[in-house]
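Enquirer: This structure is in C-alpha cells; I'll ask about it shortly.
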Amino acid sequence: MKFYQAPAVFCFVIICLLNVPAPLFACEQQVTHPPLESSKDQLVFSLLKLALSKTDTSFCYQQMELVVTEARKSALIGSNQLSVQWASAGSSADTYADPIKQPIFLGLTGFRLLVIRNGEQHRFDQITNAKGLKAMKVGQGLFWGDTQILERAGFQVVTSTQARRLWKMLASKRFDYIALGAHEPWKDIALRPELNLAVERNLLLVYPSVLYFYVSPEHHQLGQLIADGMRMALADGSYQQLLYQSEMIQSLLTHANITERRQIRIDDAQLFDLLPPGYDMRLPEFLKQPATTASDNSH
C-alpha cells in the first residue's frame, strides 16, 4: 500500500497555521463601526478599542465602507447593520439606539471654540455675550445634537446634512462661524489650508453637550461591555492618558488658552434629562491631571 506524501511546502504551511494564535482567525464578537472621517473619529475609535480591550471578550473590528449622514448611521444601528455609533446626546441616535451614559470626552464636548475665516477676528473682538453671536450665522450639521440647543437659544443656524461640507460653506461665506468642541479645530483646519480658516481667539461657547457611544437595543451585551471597559480604563487611568496624549488634546493645550477665554454660557433644560447624573458644565480634570481616576472625570 502506498501512502500519499505531502509536499514539504504544504506541510510547512500547515504547521505555521497551527501555530498562529487563535485570535487572528476568530473573535468572540465582531464590531461594525462607522467610517473614520475625521481626526475626532480616529480618536474616538481608539478610545472604544481601549475600553473593549479591558474586558475578557475578544473583538474583531470592521469599518463600514459607505459614508452616510449621521441620521443614516442611527438608522443602520436600528437595523443592526452597525454595531456602534458615536453621537451627541439629543441627536437622531437617541431615536434608534441606547446610549452608554459615560461621556466619551469626559465633559469637554460642551466647551466650543469658533472656527472663522482668517482675517475676520475683528468682527468677534467686541462680543461679550450670546446676543452678539446671535447677530451672526452659525454653521451646524443638521443631525448634530447641539444644533437644537442653538436653535432653541435663538441662534441663526445654517445646516448641512453632511457635516464635512461645512468647511467649504464657511469659506464661501454661507455663515460666519462653526462652533466645534474645544479639542477639534486645529488638525481639521490644518488639513484644509486652501480654505484659509482660523480659530477665534477670545471666546468659549459653553452649553450642556456630551458625546456618547450608542448601540442597538438588541446589542445590550455589547453596550454593557463598552460601559464596563470604559469604567475600568477610567479607573486605571489609561483612558485619561490616551486622551491627554492625543494630538487633539495636545493641540488644545498648546493653542486654545481655554481657561482665559471669555465664556458665553447657554443653559438648555430639555437636554439635561439626556446627560449623566452630576453633569455640571465644567472643564474635565484630566486636562490638568491626566492620571486621575474615574470618580474625578465622570461628568
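All residue names refer to the C-alpha cells as shown: chains lettered A, B, ... in order, residues numbered from 1 in each chain, ligands numbered from 1 in order.
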Please build the interface table for range 148-240 of chain A against range 65-88 of chain A with a cut-off of 7 Å, listing for each qualifying residue the nearest atom pair and the distance in Å to one decimal; count only C-alpha atoms, order rows by chain and increasing number, and write it as a Markdown table.
Expert:
| residue | atom | partner | partner_atom | distance |
| --- | --- | --- | --- | --- |
| A:Thr161 | CA | A:Thr69 | CA | 6.4 |
| A:Gln162 | CA | A:Thr69 | CA | 5.9 |
| A:Ser209 | CA | A:Ser88 | CA | 6.8 |
| A:Val210 | CA | A:Ser88 | CA | 5.6 |
| A:Leu211 | CA | A:Ser88 | CA | 4.3 |
| A:Tyr212 | CA | A:Trp86 | CA | 5.5 |
| A:Phe213 | CA | A:Trp86 | CA | 4.4 |
| A:Tyr214 | CA | A:Gln85 | CA | 5.1 |
| A:Val215 | CA | A:Val84 | CA | 4.8 |
| A:Ser216 | CA | A:Ile77 | CA | 5.5 |
Enquirer: Write out as a PyMOL selection string the set of residues from range 27-156 of chain A that DSSP, computed on the backbone, places in alpha helix (DSSP H).
Expert: chain A and resi 39-53+70-78+93-96+130-134+145-152
Enquirer: May I have the residues from that selection written out with C-alpha atoms, as a tab-separated table (two decimals), in the first residue's frame?
Expert:
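For reference, again-v3.tsv as written:
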chain	number	residue	atom	x	y	z
A	39	SER	CA	-9.30	63.09	13.49
A	40	LYS	CA	-12.04	63.07	16.11
A	41	ASP	CA	-13.44	59.81	14.72
A	42	GLN	CA	-9.99	58.24	14.83
A	43	LEU	CA	-9.51	59.24	18.47
A	44	VAL	CA	-12.99	58.04	19.47
A	45	PHE	CA	-12.35	54.69	17.80
A	46	SER	CA	-9.05	54.36	19.69
A	47	LEU	CA	-10.91	55.01	22.95
A	48	LEU	CA	-13.52	52.39	22.01
A	49	LYS	CA	-10.84	49.79	21.33
A	50	LEU	CA	-9.06	50.65	24.58
A	51	ALA	CA	-12.28	50.21	26.55
A	52	LEU	CA	-13.14	46.88	24.96
A	53	SER	CA	-9.56	45.64	25.44
A	70	GLU	CA	-25.46	60.95	10.98
A	71	ALA	CA	-29.17	60.20	10.74
A	72	ARG	CA	-28.48	57.29	8.39
A	73	LYS	CA	-25.91	55.89	10.82
A	74	SER	CA	-28.56	55.92	13.51
A	75	ALA	CA	-31.00	54.08	11.25
A	76	LEU	CA	-28.31	51.49	10.46
A	77	ILE	CA	-27.85	50.97	14.20
A	78	GLY	CA	-31.58	50.32	14.45
A	93	ALA	CA	-29.17	58.46	17.60
A	94	ASP	CA	-31.48	58.72	20.61
A	95	THR	CA	-34.38	57.66	18.38
A	96	TYR	CA	-32.90	54.32	17.34
A	130	ALA	CA	-24.76	85.41	23.42
A	131	LYS	CA	-26.61	88.33	21.84
A	132	GLY	CA	-23.50	89.25	19.86
A	133	LEU	CA	-23.14	85.71	18.48
A	134	LYS	CA	-26.86	85.53	17.68
A	145	GLY	CA	-27.34	67.07	18.93
A	146	ASP	CA	-26.25	70.63	19.76
A	147	THR	CA	-27.90	72.10	16.67
A	148	GLN	CA	-31.23	72.07	18.51
A	149	ILE	CA	-29.61	73.70	21.55
A	150	LEU	CA	-28.52	76.68	19.46
A	151	GLU	CA	-31.86	76.89	17.66
A	152	ARG	CA	-33.79	76.84	20.93
Enquirer: Sorted by chain and rising residue number, list the residues of range 78-178 of chain A at most 9 Å from range 227-250 of chain A (counting only C-alpha atoms), each with its closest atom pair and distance in Å to one decimal, as a Markdown table.
Expert:
| residue | atom | partner | partner_atom | distance |
| --- | --- | --- | --- | --- |
| A:Ile100 | CA | A:Ala227 | CA | 6.2 |
| A:Lys101 | CA | A:Ala227 | CA | 8.1 |
| A:Gln102 | CA | A:Ala227 | CA | 7.4 |
| A:Ile104 | CA | A:Met230 | CA | 8.8 |
| A:Phe105 | CA | A:Leu243 | CA | 7.9 |
| A:Leu106 | CA | A:Gln240 | CA | 8.9 |
Enquirer: Would you pick out the contacts of Ala26 in chain A at 12 Å or less, using only C-alpha atoms, so that residues sharing its chain but fewer than 6 positions from it are not included, and give the list as a ChimeraX atom specification?
Expert: /A:20,57-61
Enquirer: Just the strand (DSSP E or B) stuff from range 31-249 of chain A, please, per backbone DSSP, written as JSON, numbers by chain.
Expert: {"A": [31, 32, 33, 59, 60, 61, 62, 63, 84, 85, 86, 87, 88, 98, 99, 100, 111, 112, 113, 114, 115, 116, 117, 137, 138, 139, 140, 141, 156, 157, 158, 159, 160, 177, 178, 179, 180, 181, 197, 198, 199, 203, 204, 205, 206, 211, 212, 213, 214, 215]}
Enquirer: Go through A:Met281, A:Leu222, A:Val157, A:Ala256 and flag the residue nearest Glu200 in chain A, using only C-alpha atoms for the distances.
Expert: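 Checking each of A:Met281, A:Leu222, A:Val157, A:Ala256 against Glu200 in chain A, counting only C-alpha atoms, the winner is A:Ala256.
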Enquirer: Please, what distance in Å, to one decimal, runs between CA of Phe175 in chain A and CA of Pro208 in chain A?
Expert: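 Value for the CA of Phe175 in chain A-CA of Pro208 in chain A distance: 23.2 Å.
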Enquirer: At a cut-off of 9 Å, using only C-alpha atoms, what residues contact Arg201 in chain A? Leave out same-chain residues fewer than 6 positions from it and give the result as a PDB file with N, CA, C and O atoms, in the first residue's frame.
Expert:
ATOM      1  N   LEU A 113     -15.157  76.048  20.671  1.00  0.00           N
ATOM      2  CA  LEU A 113     -14.400  77.130  20.052  1.00  0.00           C
ATOM      3  C   LEU A 113     -15.020  77.446  18.694  1.00  0.00           C
ATOM      4  O   LEU A 113     -15.657  76.598  18.076  1.00  0.00           O
ATOM      5  N   LEU A 114     -14.805  78.654  18.247  1.00  0.00           N
ATOM      6  CA  LEU A 114     -15.387  79.090  16.988  1.00  0.00           C
ATOM      7  C   LEU A 114     -14.331  79.057  15.879  1.00  0.00           C
ATOM      8  O   LEU A 114     -13.226  79.579  16.053  1.00  0.00           O
ATOM      9  N   GLN A 121     -11.122  88.241  12.664  1.00  0.00           N
ATOM     10  CA  GLN A 121     -11.117  88.251  14.125  1.00  0.00           C
ATOM     11  C   GLN A 121     -11.757  89.530  14.678  1.00  0.00           C
ATOM     12  O   GLN A 121     -12.448  89.497  15.710  1.00  0.00           O
ATOM     13  N   PHE A 124     -15.320  89.670  15.977  1.00  0.00           N
ATOM     14  CA  PHE A 124     -15.654  88.962  17.215  1.00  0.00           C
ATOM     15  C   PHE A 124     -15.049  89.620  18.453  1.00  0.00           C
ATOM     16  O   PHE A 124     -15.404  89.256  19.576  1.00  0.00           O
ATOM     17  N   ASP A 125     -14.148  90.573  18.265  1.00  0.00           N
ATOM     18  CA  ASP A 125     -13.402  91.137  19.394  1.00  0.00           C
ATOM     19  C   ASP A 125     -14.287  91.831  20.421  1.00  0.00           C
ATOM     20  O   ASP A 125     -13.960  91.842  21.616  1.00  0.00           O
ATOM     21  N   ALA A 256      -5.213  76.660  22.685  1.00  0.00           N
ATOM     22  CA  ALA A 256      -6.561  77.165  22.974  1.00  0.00           C
ATOM     23  C   ALA A 256      -6.606  78.257  24.039  1.00  0.00           C
ATOM     24  O   ALA A 256      -7.505  79.089  24.014  1.00  0.00           O
ATOM     25  N   ASN A 257      -5.662  78.238  24.993  1.00  0.00           N
ATOM     26  CA  ASN A 257      -5.716  79.221  26.076  1.00  0.00           C
ATOM     27  C   ASN A 257      -7.102  79.200  26.724  1.00  0.00           C
ATOM     28  O   ASN A 257      -7.713  80.245  27.016  1.00  0.00           O
ATOM     29  N   ARG A 261     -10.292  82.347  28.269  1.00  0.00           N
ATOM     30  CA  ARG A 261     -11.263  82.854  27.289  1.00  0.00           C
ATOM     31  C   ARG A 261     -12.516  83.377  27.981  1.00  0.00           C
ATOM     32  O   ARG A 261     -12.863  82.965  29.086  1.00  0.00           O
TER      33      ARG A 261
END
Enquirer: So, with only C-alpha atoms as the atoms that count, which of A:Lys288, A:Arg262, A:Lys54, A:Arg112 lies closest to Gln126 in chain A?
Expert: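 For Gln126 in chain A, the nearest of the given residues is A:Arg262.
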Enquirer: May I have the residues within 12 Å of Arg165 in chain A as a PyMOL selection string, using only C-alpha atoms and disregarding those fewer than 6 positions away in the same chain?
Expert: chain A and resi 69+139-142+158-159+171-172+174+178+192+195
Enquirer: Can those selected residues be exported to a file as a JSON list (two decimals), in the first residue's frame so that it contains all heavy atoms?
Expert:
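File produced: part.json:
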[["chain", "number", "residue", "atom", "x", "y", "z"],
["A", 69, "THR", "N", -24.90, 60.00, 6.24],
["A", 69, "THR", "CA", -25.20, 61.05, 7.20],
["A", 69, "THR", "C", -25.32, 60.48, 8.61],
["A", 69, "THR", "O", -25.47, 59.28, 8.80],
["A", 69, "THR", "CB", -26.50, 61.77, 6.83],
["A", 69, "THR", "OG1", -27.59, 60.85, 6.97],
["A", 69, "THR", "CG2", -26.46, 62.29, 5.41],
["A", 139, "GLY", "N", -22.80, 77.80, 11.45],
["A", 139, "GLY", "CA", -22.97, 76.59, 10.64],
["A", 139, "GLY", "C", -22.94, 75.35, 11.50],
["A", 139, "GLY", "O", -22.06, 75.21, 12.37],
["A", 140, "GLN", "N", -23.89, 74.44, 11.28],
["A", 140, "GLN", "CA", -24.00, 73.22, 12.08],
["A", 140, "GLN", "C", -24.41, 72.04, 11.20],
["A", 140, "GLN", "O", -25.09, 72.22, 10.19],
["A", 140, "GLN", "CB", -25.09, 73.40, 13.16],
["A", 140, "GLN", "CG", -24.73, 74.35, 14.29],
["A", 140, "GLN", "CD", -23.87, 73.71, 15.34],
["A", 140, "GLN", "OE1", -22.79, 74.19, 15.64],
["A", 140, "GLN", "NE2", -24.32, 72.60, 15.91],
["A", 141, "GLY", "N", -24.03, 70.84, 11.63],
["A", 141, "GLY", "CA", -24.57, 69.65, 10.99],
["A", 141, "GLY", "C", -26.04, 69.50, 11.34],
["A", 141, "GLY", "O", -26.44, 69.71, 12.50],
["A", 142, "LEU", "N", -26.86, 69.16, 10.37],
["A", 142, "LEU", "CA", -28.31, 69.09, 10.59],
["A", 142, "LEU", "C", -28.66, 68.13, 11.72],
["A", 142, "LEU", "O", -29.59, 68.37, 12.49],
["A", 142, "LEU", "CB", -29.01, 68.66, 9.29],
["A", 142, "LEU", "CG", -30.53, 68.48, 9.37],
["A", 142, "LEU", "CD1", -31.21, 69.80, 9.75],
["A", 142, "LEU", "CD2", -31.08, 67.97, 8.04],
["A", 158, "VAL", "N", -27.43, 77.75, 10.21],
["A", 158, "VAL", "CA", -27.42, 77.25, 8.83],
["A", 158, "VAL", "C", -26.91, 75.81, 8.89],
["A", 158, "VAL", "O", -25.84, 75.56, 9.46],
["A", 158, "VAL", "CB", -26.52, 78.10, 7.91],
["A", 158, "VAL", "CG1", -26.50, 77.53, 6.50],
["A", 158, "VAL", "CG2", -26.99, 79.55, 7.91],
["A", 159, "THR", "N", -27.65, 74.86, 8.32],
["A", 159, "THR", "CA", -27.29, 73.46, 8.49],
["A", 159, "THR", "C", -26.92, 72.79, 7.16],
["A", 159, "THR", "O", -27.26, 73.27, 6.08],
["A", 159, "THR", "CB", -28.47, 72.66, 9.10],
["A", 159, "THR", "OG1", -29.61, 72.75, 8.24],
["A", 159, "THR", "CG2", -28.82, 73.20, 10.47],
["A", 171, "ALA", "N", -16.01, 78.94, 4.25],
["A", 171, "ALA", "CA", -15.08, 79.67, 3.40],
["A", 171, "ALA", "C", -15.80, 80.50, 2.33],
["A", 171, "ALA", "O", -15.34, 81.58, 1.95],
["A", 171, "ALA", "CB", -14.10, 78.69, 2.74],
["A", 172, "SER", "N", -16.95, 80.00, 1.87],
["A", 172, "SER", "CA", -17.70, 80.71, 0.83],
["A", 172, "SER", "C", -18.75, 81.67, 1.41],
["A", 172, "SER", "O", -19.63, 82.15, 0.70],
["A", 172, "SER", "CB", -18.38, 79.70, -0.11],
["A", 172, "SER", "OG", -19.30, 78.89, 0.62],
["A", 174, "ARG", "N", -21.27, 81.34, 3.57],
["A", 174, "ARG", "CA", -22.67, 80.95, 3.77],
["A", 174, "ARG", "C", -23.10, 81.26, 5.21],
["A", 174, "ARG", "O", -24.28, 81.40, 5.50],
["A", 174, "ARG", "CB", -22.84, 79.46, 3.47],
["A", 174, "ARG", "CG", -22.59, 79.08, 2.01],
["A", 174, "ARG", "CD", -23.81, 79.37, 1.17],
["A", 174, "ARG", "NE", -24.97, 78.63, 1.65],
["A", 174, "ARG", "CZ", -25.21, 77.34, 1.37],
["A", 174, "ARG", "NH1", -24.37, 76.65, 0.62],
["A", 174, "ARG", "NH2", -26.31, 76.75, 1.82],
["A", 178, "ILE", "N", -18.29, 78.30, 12.73],
["A", 178, "ILE", "CA", -18.69, 76.96, 13.14],
["A", 178, "ILE", "C", -18.27, 76.81, 14.61],
["A", 178, "ILE", "O", -17.16, 77.20, 14.98],
["A", 178, "ILE", "CB", -17.99, 75.86, 12.31],
["A", 178, "ILE", "CG1", -18.22, 76.06, 10.82],
["A", 178, "ILE", "CG2", -18.47, 74.47, 12.73],
["A", 178, "ILE", "CD1", -17.38, 75.12, 9.94],
["A", 192, "ARG", "N", -6.98, 71.58, 5.69],
["A", 192, "ARG", "CA", -7.67, 72.36, 4.65],
["A", 192, "ARG", "C", -7.04, 73.75, 4.52],
["A", 192, "ARG", "O", -7.74, 74.78, 4.62],
["A", 192, "ARG", "CB", -9.16, 72.49, 5.00],
["A", 192, "ARG", "CG", -9.87, 71.15, 5.13],
["A", 192, "ARG", "CD", -11.24, 71.30, 5.77],
["A", 192, "ARG", "NE", -11.99, 70.06, 5.76],
["A", 192, "ARG", "CZ", -11.89, 69.12, 6.69],
["A", 192, "ARG", "NH1", -11.07, 69.29, 7.72],
["A", 192, "ARG", "NH2", -12.62, 68.03, 6.61],
["A", 195, "LEU", "N", -8.56, 76.71, 2.43],
["A", 195, "LEU", "CA", -9.79, 77.41, 2.82],
["A", 195, "LEU", "C", -9.51, 78.65, 3.66],
["A", 195, "LEU", "O", -10.41, 79.47, 3.88],
["A", 195, "LEU", "CB", -10.72, 76.46, 3.57],
["A", 195, "LEU", "CG", -11.20, 75.23, 2.80],
["A", 195, "LEU", "CD1", -12.17, 74.41, 3.65],
["A", 195, "LEU", "CD2", -11.88, 75.64, 1.50]]
Enquirer: Would you compute the distance between CA of Leu203 in chain A and CA of Tyr279 in chain A? Give it in Å to one decimal.
Expert: 22.0 Å
Enquirer: Calculated over only C-alpha atoms, which of the candidates A:His33, A:Asp176, A:Phe111, A:Ile116 has the smallest distance to Leu283 in chain A?
Expert: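 Among A:His33, A:Asp176, A:Phe111, A:Ile116, it is A:Phe111 that comes nearest to Leu283 in chain A.
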Enquirer: For Ser38 in chain A, which residue out of A:Asn129, A:Ile189, A:Thr55, A:Ala182 is the nearest one, using only C-alpha atoms?
Expert: A:Ile189
Enquirer: One decimal, Å: what's the distance from CA of His255 in chain A over to CA of His183 in chain A, could you say?
Expert: 10.1 Å
Enquirer: Pick from A:Val138, A:Met64, A:Leu197, A:Ile266: nearest to Ala179 in chain A, with only C-alpha atoms counted?
Expert: A:Val138
